[in-house]
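S.K.: Below is the structure I would like to discuss, written out as structure tokens.
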Amino acid sequence: MNTATDTTHCDDLAKALEAFRDHAPLIERWGTELARRLGSGARLLVAGNGGSAAQAQHLTAELVGRYREDRPPFSALALHADTSSTTAIANDYGVQELFARQTAAHGRPGDVLLLLSTSGASANLLSAAERAHRLGMTVWALTGRSPNPLQLGADDALCVDAPVAATVQELHLVAVHMLCESFDRAVESGAAADAGADGTPAADGTPAADGKPGVVGRLVGRARTVGRTPPGGPVAPRKGQA
């Protein structure tokens with residue numbers, strides 16, 4: 001009886017991860033830029049099919065909720081998550097319009113559309129990228145091996161060099177977590193570095209040179225007071241008390 005353990009999957013992942021390290025500067029740049037845009041009121045739209053849809057929703061959950069440390073919520077939407085909209089669009093307009101129509105509904109100039117695809121050839125993602133460009137949005141892509149149509153149709157792309165879709169998706173998750181780390185660093189330190197230069201306050205909510213709190217400062221200040229009892233306000237009863 002052969003009891004040998006097949007580690008091919010792990011070996012493939014380890015090999016692809018070594019090459020993936022070269023993408024760290026790109027992910028850092030994306031996180032910093034995303035923090036700047038979302039902190040100024042822009043929105044992130046994310047889309048993918050199948051396993052990539054799960055990765056897309058993972059990212060939006062981290063931005064609307066939190067990654068590690070507490071911070072303000074930011075606007076991020078996974079376009080596949082609204083089942084009523086997706087099924088209605090697929091039924092009335094066809095699957096190719098699934099994400100393009102939602103991009104047209106929610107996207108604005110200056111917003112970012114992030115598309116995830118192991119093949120880089122999904123027609124509904126390519127249509128969404130085209131629609132986003134017509135709206136003045138920026139399109140980023142997480143794909144498999146290059147070259148691929150989605151990479152060529154995006155403003156910027158991270159292409160994972162791996163032969164198996166499962167390995168590509170696993171490294172897309174690594175990219176999502178690294179993006180969140182870069183985003184959080186930029187929110188915390190980037191706002192402070194820019195304080196007084198363009199009206200943006202420090203991360204602790206300190207007003208900038210003009211004395212007015214900016215977007216990021218207001219959000220951070222609000223997040224740090226959520227759930228606290230205001231001075232002179234009523235004190236909530238302890239558990240078991242009326």
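Convention: chains lettered A, B, ... in structure tokens order; per-chain residue numbering from 1; ligands numbered from 1 as shown.
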Could you make a table, as a Markdown table, of the residues of stretch 19-95 of chain A that have an atom within 12 Å of an atom of stretch 145-157 of chain A, each with its nearest atom pair and distance in Å to one decimal, counting only C-alpha atoms, in chain and number order?

M.R.:
| residue | atom | partner | partner_atom | distance |
| --- | --- | --- | --- | --- |
| A:Ala19 | CA | A:Arg145 | CA | 11.8 |
| A:Phe20 | CA | A:Arg145 | CA | 11.4 |
| A:His23 | CA | A:Ala157 | CA | 10.0 |
| A:Leu26 | CA | A:Ala157 | CA | 8.8 |
| A:Ile27 | CA | A:Ala157 | CA | 9.9 |
| A:Arg29 | CA | A:Asp156 | CA | 10.8 |
| A:Trp30 | CA | A:Asp156 | CA | 9.3 |
| A:Gly48 | CA | A:Leu150 | CA | 11.8 |

S.K.: Write the residues of the preceding selection, restricted to C-alpha atoms, as a CSV table (one decimal), in the first residue's frame.

M.R.:
chain,number,residue,atom,x,y,z
A,19,ALA,CA,8.3,34.9,-8.3
A,20,PHE,CA,5.3,36.6,-6.7
A,23,HIS,CA,5.0,42.2,-7.2
A,26,LEU,CA,3.1,47.2,-7.2
A,27,ILE,CA,0.8,46.1,-4.3
A,29,ARG,CA,1.6,51.4,-4.7
A,30,TRP,CA,-2.0,50.2,-5.1
A,48,GLY,CA,-14.8,38.2,-10.2

S.K.: Find the spatial neighbours of A:Ile89, counting only C-alpha atoms, within a cut-off of 8 Å - ignore same-chain residues fewer than 5 positions away - and output them as a ChimeraX atom specification.

M.R.: /A:94-95,97-98,101

S.K.: I need the residues from that last selection saved to file as a PDB file, in the first residue's frame (with all heavy atoms), if you can.

M.R.:
ATOM      1  N   GLY A  94     -28.060  39.443 -20.377  1.00  0.00           N
ATOM      2  CA  GLY A  94     -27.020  38.467 -20.677  1.00  0.00           C
ATOM      3  C   GLY A  94     -25.889  38.529 -19.670  1.00  0.00           C
ATOM      4  O   GLY A  94     -25.630  39.572 -19.062  1.00  0.00           O
ATOM      5  N   VAL A  95     -25.189  37.401 -19.502  1.00  0.00           N
ATOM      6  CA  VAL A  95     -24.128  37.304 -18.506  1.00  0.00           C
ATOM      7  C   VAL A  95     -22.989  38.279 -18.785  1.00  0.00           C
ATOM      8  O   VAL A  95     -22.330  38.766 -17.865  1.00  0.00           O
ATOM      9  CB  VAL A  95     -23.587  35.856 -18.452  1.00  0.00           C
ATOM     10  CG1 VAL A  95     -22.411  35.745 -17.497  1.00  0.00           C
ATOM     11  CG2 VAL A  95     -24.683  34.884 -18.026  1.00  0.00           C
ATOM     12  N   GLU A  97     -23.099  41.286 -19.512  1.00  0.00           N
ATOM     13  CA  GLU A  97     -23.379  42.603 -18.934  1.00  0.00           C
ATOM     14  C   GLU A  97     -23.452  42.588 -17.415  1.00  0.00           C
ATOM     15  O   GLU A  97     -23.734  43.619 -16.791  1.00  0.00           O
ATOM     16  CB  GLU A  97     -24.711  43.138 -19.480  1.00  0.00           C
ATOM     17  CG  GLU A  97     -24.615  43.738 -20.864  1.00  0.00           C
ATOM     18  CD  GLU A  97     -23.805  45.027 -20.843  1.00  0.00           C
ATOM     19  OE1 GLU A  97     -24.194  45.980 -20.135  1.00  0.00           O
ATOM     20  OE2 GLU A  97     -22.768  45.079 -21.536  1.00  0.00           O
ATOM     21  N   LEU A  98     -23.184  41.435 -16.818  1.00  0.00           N
ATOM     22  CA  LEU A  98     -23.375  41.248 -15.381  1.00  0.00           C
ATOM     23  C   LEU A  98     -22.673  42.315 -14.547  1.00  0.00           C
ATOM     24  O   LEU A  98     -23.264  42.903 -13.635  1.00  0.00           O
ATOM     25  CB  LEU A  98     -22.853  39.863 -14.984  1.00  0.00           C
ATOM     26  CG  LEU A  98     -23.217  39.364 -13.601  1.00  0.00           C
ATOM     27  CD1 LEU A  98     -24.718  39.180 -13.466  1.00  0.00           C
ATOM     28  CD2 LEU A  98     -22.517  38.029 -13.328  1.00  0.00           C
ATOM     29  N   ARG A 101     -23.005  46.578 -16.251  1.00  0.00           N
ATOM     30  CA  ARG A 101     -24.178  47.389 -15.910  1.00  0.00           C
ATOM     31  C   ARG A 101     -24.091  47.897 -14.466  1.00  0.00           C
ATOM     32  O   ARG A 101     -24.457  49.039 -14.177  1.00  0.00           O
ATOM     33  CB  ARG A 101     -25.461  46.592 -16.126  1.00  0.00           C
ATOM     34  CG  ARG A 101     -26.717  47.459 -16.055  1.00  0.00           C
ATOM     35  CD  ARG A 101     -27.926  46.727 -16.597  1.00  0.00           C
ATOM     36  NE  ARG A 101     -29.102  47.579 -16.529  1.00  0.00           N
ATOM     37  CZ  ARG A 101     -29.451  48.468 -17.450  1.00  0.00           C
ATOM     38  NH1 ARG A 101     -28.702  48.638 -18.534  1.00  0.00           N
ATOM     39  NH2 ARG A 101     -30.551  49.195 -17.320  1.00  0.00           N
TER      40      ARG A 101
END

S.K.: Env of stretch 159-176 of chain A: 9 Å cut, atoms = only C-alpha atoms, seq-sep filter 3 positions within chain, self excluded. Answer as a JSON list (two decimals) with N, CA and C atoms, in the first residue's frame.

M.R.:
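Saved as selection14.json:
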[["chain", "number", "residue", "atom", "x", "y", "z"],
["A", 9, "HIS", "N", 1.04, 20.08, -4.93],
["A", 9, "HIS", "CA", 0.33, 21.35, -4.79],
["A", 9, "HIS", "C", 1.15, 22.35, -3.98],
["A", 12, "ASP", "N", 4.19, 23.51, -6.02],
["A", 12, "ASP", "CA", 3.82, 24.50, -7.05],
["A", 12, "ASP", "C", 3.59, 25.88, -6.43],
["A", 13, "LEU", "N", 2.94, 25.89, -5.25],
["A", 13, "LEU", "CA", 2.66, 27.15, -4.58],
["A", 13, "LEU", "C", 3.95, 27.82, -4.12],
["A", 15, "LYS", "N", 6.94, 27.50, -5.34],
["A", 15, "LYS", "CA", 7.69, 27.99, -6.50],
["A", 15, "LYS", "C", 7.09, 29.29, -7.02],
["A", 16, "ALA", "N", 5.75, 29.33, -7.13],
["A", 16, "ALA", "CA", 5.09, 30.53, -7.64],
["A", 16, "ALA", "C", 5.23, 31.70, -6.67],
["A", 17, "LEU", "N", 5.28, 31.39, -5.37],
["A", 17, "LEU", "CA", 5.40, 32.44, -4.36],
["A", 17, "LEU", "C", 6.73, 33.18, -4.47],
["A", 19, "ALA", "N", 8.42, 33.88, -7.18],
["A", 19, "ALA", "CA", 8.30, 34.87, -8.25],
["A", 19, "ALA", "C", 7.32, 35.98, -7.88],
["A", 20, "PHE", "N", 6.31, 35.62, -7.07],
["A", 20, "PHE", "CA", 5.28, 36.58, -6.67],
["A", 20, "PHE", "C", 5.86, 37.71, -5.83],
["A", 23, "HIS", "N", 6.18, 41.31, -7.01],
["A", 23, "HIS", "CA", 5.03, 42.20, -7.17],
["A", 23, "HIS", "C", 4.79, 43.09, -5.95],
["A", 24, "ALA", "N", 5.59, 42.92, -4.90],
["A", 24, "ALA", "CA", 5.37, 43.69, -3.67],
["A", 24, "ALA", "C", 5.33, 45.20, -3.89],
["A", 27, "ILE", "N", 1.89, 46.18, -5.33],
["A", 27, "ILE", "CA", 0.81, 46.08, -4.34],
["A", 27, "ILE", "C", 0.89, 47.24, -3.35],
["A", 51, "GLY", "N", -14.41, 31.28, -7.75],
["A", 51, "GLY", "CA", -13.48, 31.48, -6.65],
["A", 51, "GLY", "C", -12.97, 32.90, -6.58],
["A", 52, "SER", "N", -12.84, 33.55, -7.74],
["A", 52, "SER", "CA", -12.39, 34.94, -7.76],
["A", 52, "SER", "C", -13.44, 35.87, -7.17],
["A", 55, "GLN", "N", -12.74, 35.86, -3.54],
["A", 55, "GLN", "CA", -11.60, 36.72, -3.22],
["A", 55, "GLN", "C", -12.00, 38.19, -3.25],
["A", 56, "ALA", "N", -12.83, 38.56, -4.22],
["A", 56, "ALA", "CA", -13.29, 39.95, -4.33],
["A", 56, "ALA", "C", -14.07, 40.36, -3.09],
["A", 58, "HIS", "N", -13.88, 38.99, -0.18],
["A", 58, "HIS", "CA", -12.94, 39.01, 0.96],
["A", 58, "HIS", "C", -12.32, 40.39, 1.09],
["A", 59, "LEU", "N", -11.90, 40.97, -0.04],
["A", 59, "LEU", "CA", -11.27, 42.29, -0.01],
["A", 59, "LEU", "C", -12.23, 43.37, 0.47],
["A", 116, "LEU", "N", -10.75, 40.44, -10.78],
["A", 116, "LEU", "CA", -9.96, 39.24, -10.49],
["A", 116, "LEU", "C", -10.34, 38.12, -11.44],
["A", 117, "SER", "N", -9.33, 37.50, -12.07],
["A", 117, "SER", "CA", -9.60, 36.42, -13.02],
["A", 117, "SER", "C", -8.35, 35.56, -13.16],
["A", 118, "THR", "N", -8.49, 34.25, -12.98],
["A", 118, "THR", "CA", -7.33, 33.38, -13.14],
["A", 118, "THR", "C", -6.93, 33.26, -14.60],
["A", 119, "SER", "N", -7.89, 33.35, -15.51],
["A", 119, "SER", "CA", -7.59, 33.24, -16.94],
["A", 119, "SER", "C", -7.28, 34.59, -17.58],
["A", 120, "GLY", "N", -7.90, 35.64, -17.03],
["A", 120, "GLY", "CA", -7.76, 36.96, -17.64],
["A", 120, "GLY", "C", -8.54, 37.08, -18.93],
["A", 141, "ALA", "N", -6.22, 44.95, -12.37],
["A", 141, "ALA", "CA", -6.56, 43.54, -12.58],
["A", 141, "ALA", "C", -5.59, 42.62, -11.84],
["A", 142, "LEU", "N", -6.15, 41.58, -11.23],
["A", 142, "LEU", "CA", -5.39, 40.47, -10.69],
["A", 142, "LEU", "C", -5.68, 39.27, -11.58],
["A", 143, "THR", "N", -4.68, 38.76, -12.28],
["A", 143, "THR", "CA", -4.91, 37.69, -13.24],
["A", 143, "THR", "C", -3.91, 36.57, -13.05],
["A", 144, "GLY", "N", -4.02, 35.57, -13.96],
["A", 144, "GLY", "CA", -3.02, 34.51, -14.04],
["A", 144, "GLY", "C", -1.91, 34.97, -14.96],
["A", 145, "ARG", "N", -1.32, 34.02, -15.65],
["A", 145, "ARG", "CA", -0.15, 34.30, -16.48],
["A", 145, "ARG", "C", -0.42, 35.36, -17.56],
["A", 146, "SER", "N", 0.59, 36.14, -17.82],
["A", 146, "SER", "CA", 0.52, 37.13, -18.88],
["A", 146, "SER", "C", 1.18, 36.54, -20.15],
["A", 147, "PRO", "N", 0.80, 37.10, -21.32],
["A", 147, "PRO", "CA", -0.21, 38.16, -21.51],
["A", 147, "PRO", "C", -1.61, 37.57, -21.53],
["A", 148, "ASN", "N", -2.59, 38.41, -21.21],
["A", 148, "ASN", "CA", -3.98, 37.99, -21.29],
["A", 148, "ASN", "C", -4.84, 39.22, -21.58],
["A", 151, "GLN", "N", -5.41, 41.82, -18.65],
["A", 151, "GLN", "CA", -4.19, 42.57, -18.38],
["A", 151, "GLN", "C", -4.04, 43.72, -19.38],
["A", 179, "LEU", "N", -2.38, 44.01, 0.06],
["A", 179, "LEU", "CA", -3.03, 45.27, -0.32],
["A", 179, "LEU", "C", -3.67, 45.91, 0.90],
["A", 180, "CYS", "N", -4.32, 45.11, 1.74],
["A", 180, "CYS", "CA", -4.94, 45.64, 2.96],
["A", 180, "CYS", "C", -3.89, 46.20, 3.91],
["A", 181, "GLU", "N", -2.77, 45.53, 4.03],
["A", 181, "GLU", "CA", -1.70, 46.02, 4.90],
["A", 181, "GLU", "C", -1.16, 47.36, 4.40]]

S.K.: Rounded to one decimal in Å, what is the spacing between atom CA of A:Ala186 and atom CA of A:Glu130?

M.R.: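 Atom CA of A:Glu130 lies at a distance of 29.0 Å from atom CA of A:Ala186.
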
S.K.: Which one is closest to A:Asp111: A:Ala90, A:Leu79, A:Leu34, A:Ala61? Count only C-alpha atoms.

M.R.: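 The closest residue to A:Asp111 is A:Leu34.
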
S.K.: Using only C-alpha atoms, which of A:Leu113, A:Ala104, A:Met178, A:Leu77 sits nearest A:Gln57?

M.R.: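 Among the listed residues, A:Leu77 lies closest to A:Gln57.
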
S.K.: Taking only C-alpha atoms into account, which of A:Phe99, A:Arg185, A:Asp22, A:Arg68 comes nearest A:Ala47?

M.R.: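 Nearest to A:Ala47: A:Phe99.
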
S.K.: What separation in Å, quoted to one decimal, exists between atom CA of A:Val112 and atom CA of A:Leu125?

M.R.: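 Calculated distance between atom CA of A:Val112 and atom CA of A:Leu125 is 13.9 Å.
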
S.K.: When DSSP works through the backbone of this structure, what residues of stretch 28-95 of chain A end up as alpha helix (DSSP H), shown as number ranges by chain?

M.R.: A: 28-39, 51-64, 83-93

S.K.: Measuring atom to atom with only C-alpha atoms, identify which of A:Cys10, A:Asn49, A:Gly65, A:Glu188 is nearest to A:Asn124.

M.R.: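 Checking each of A:Cys10, A:Asn49, A:Gly65, A:Glu188 against A:Asn124, counting only C-alpha atoms, the winner is A:Asn49.
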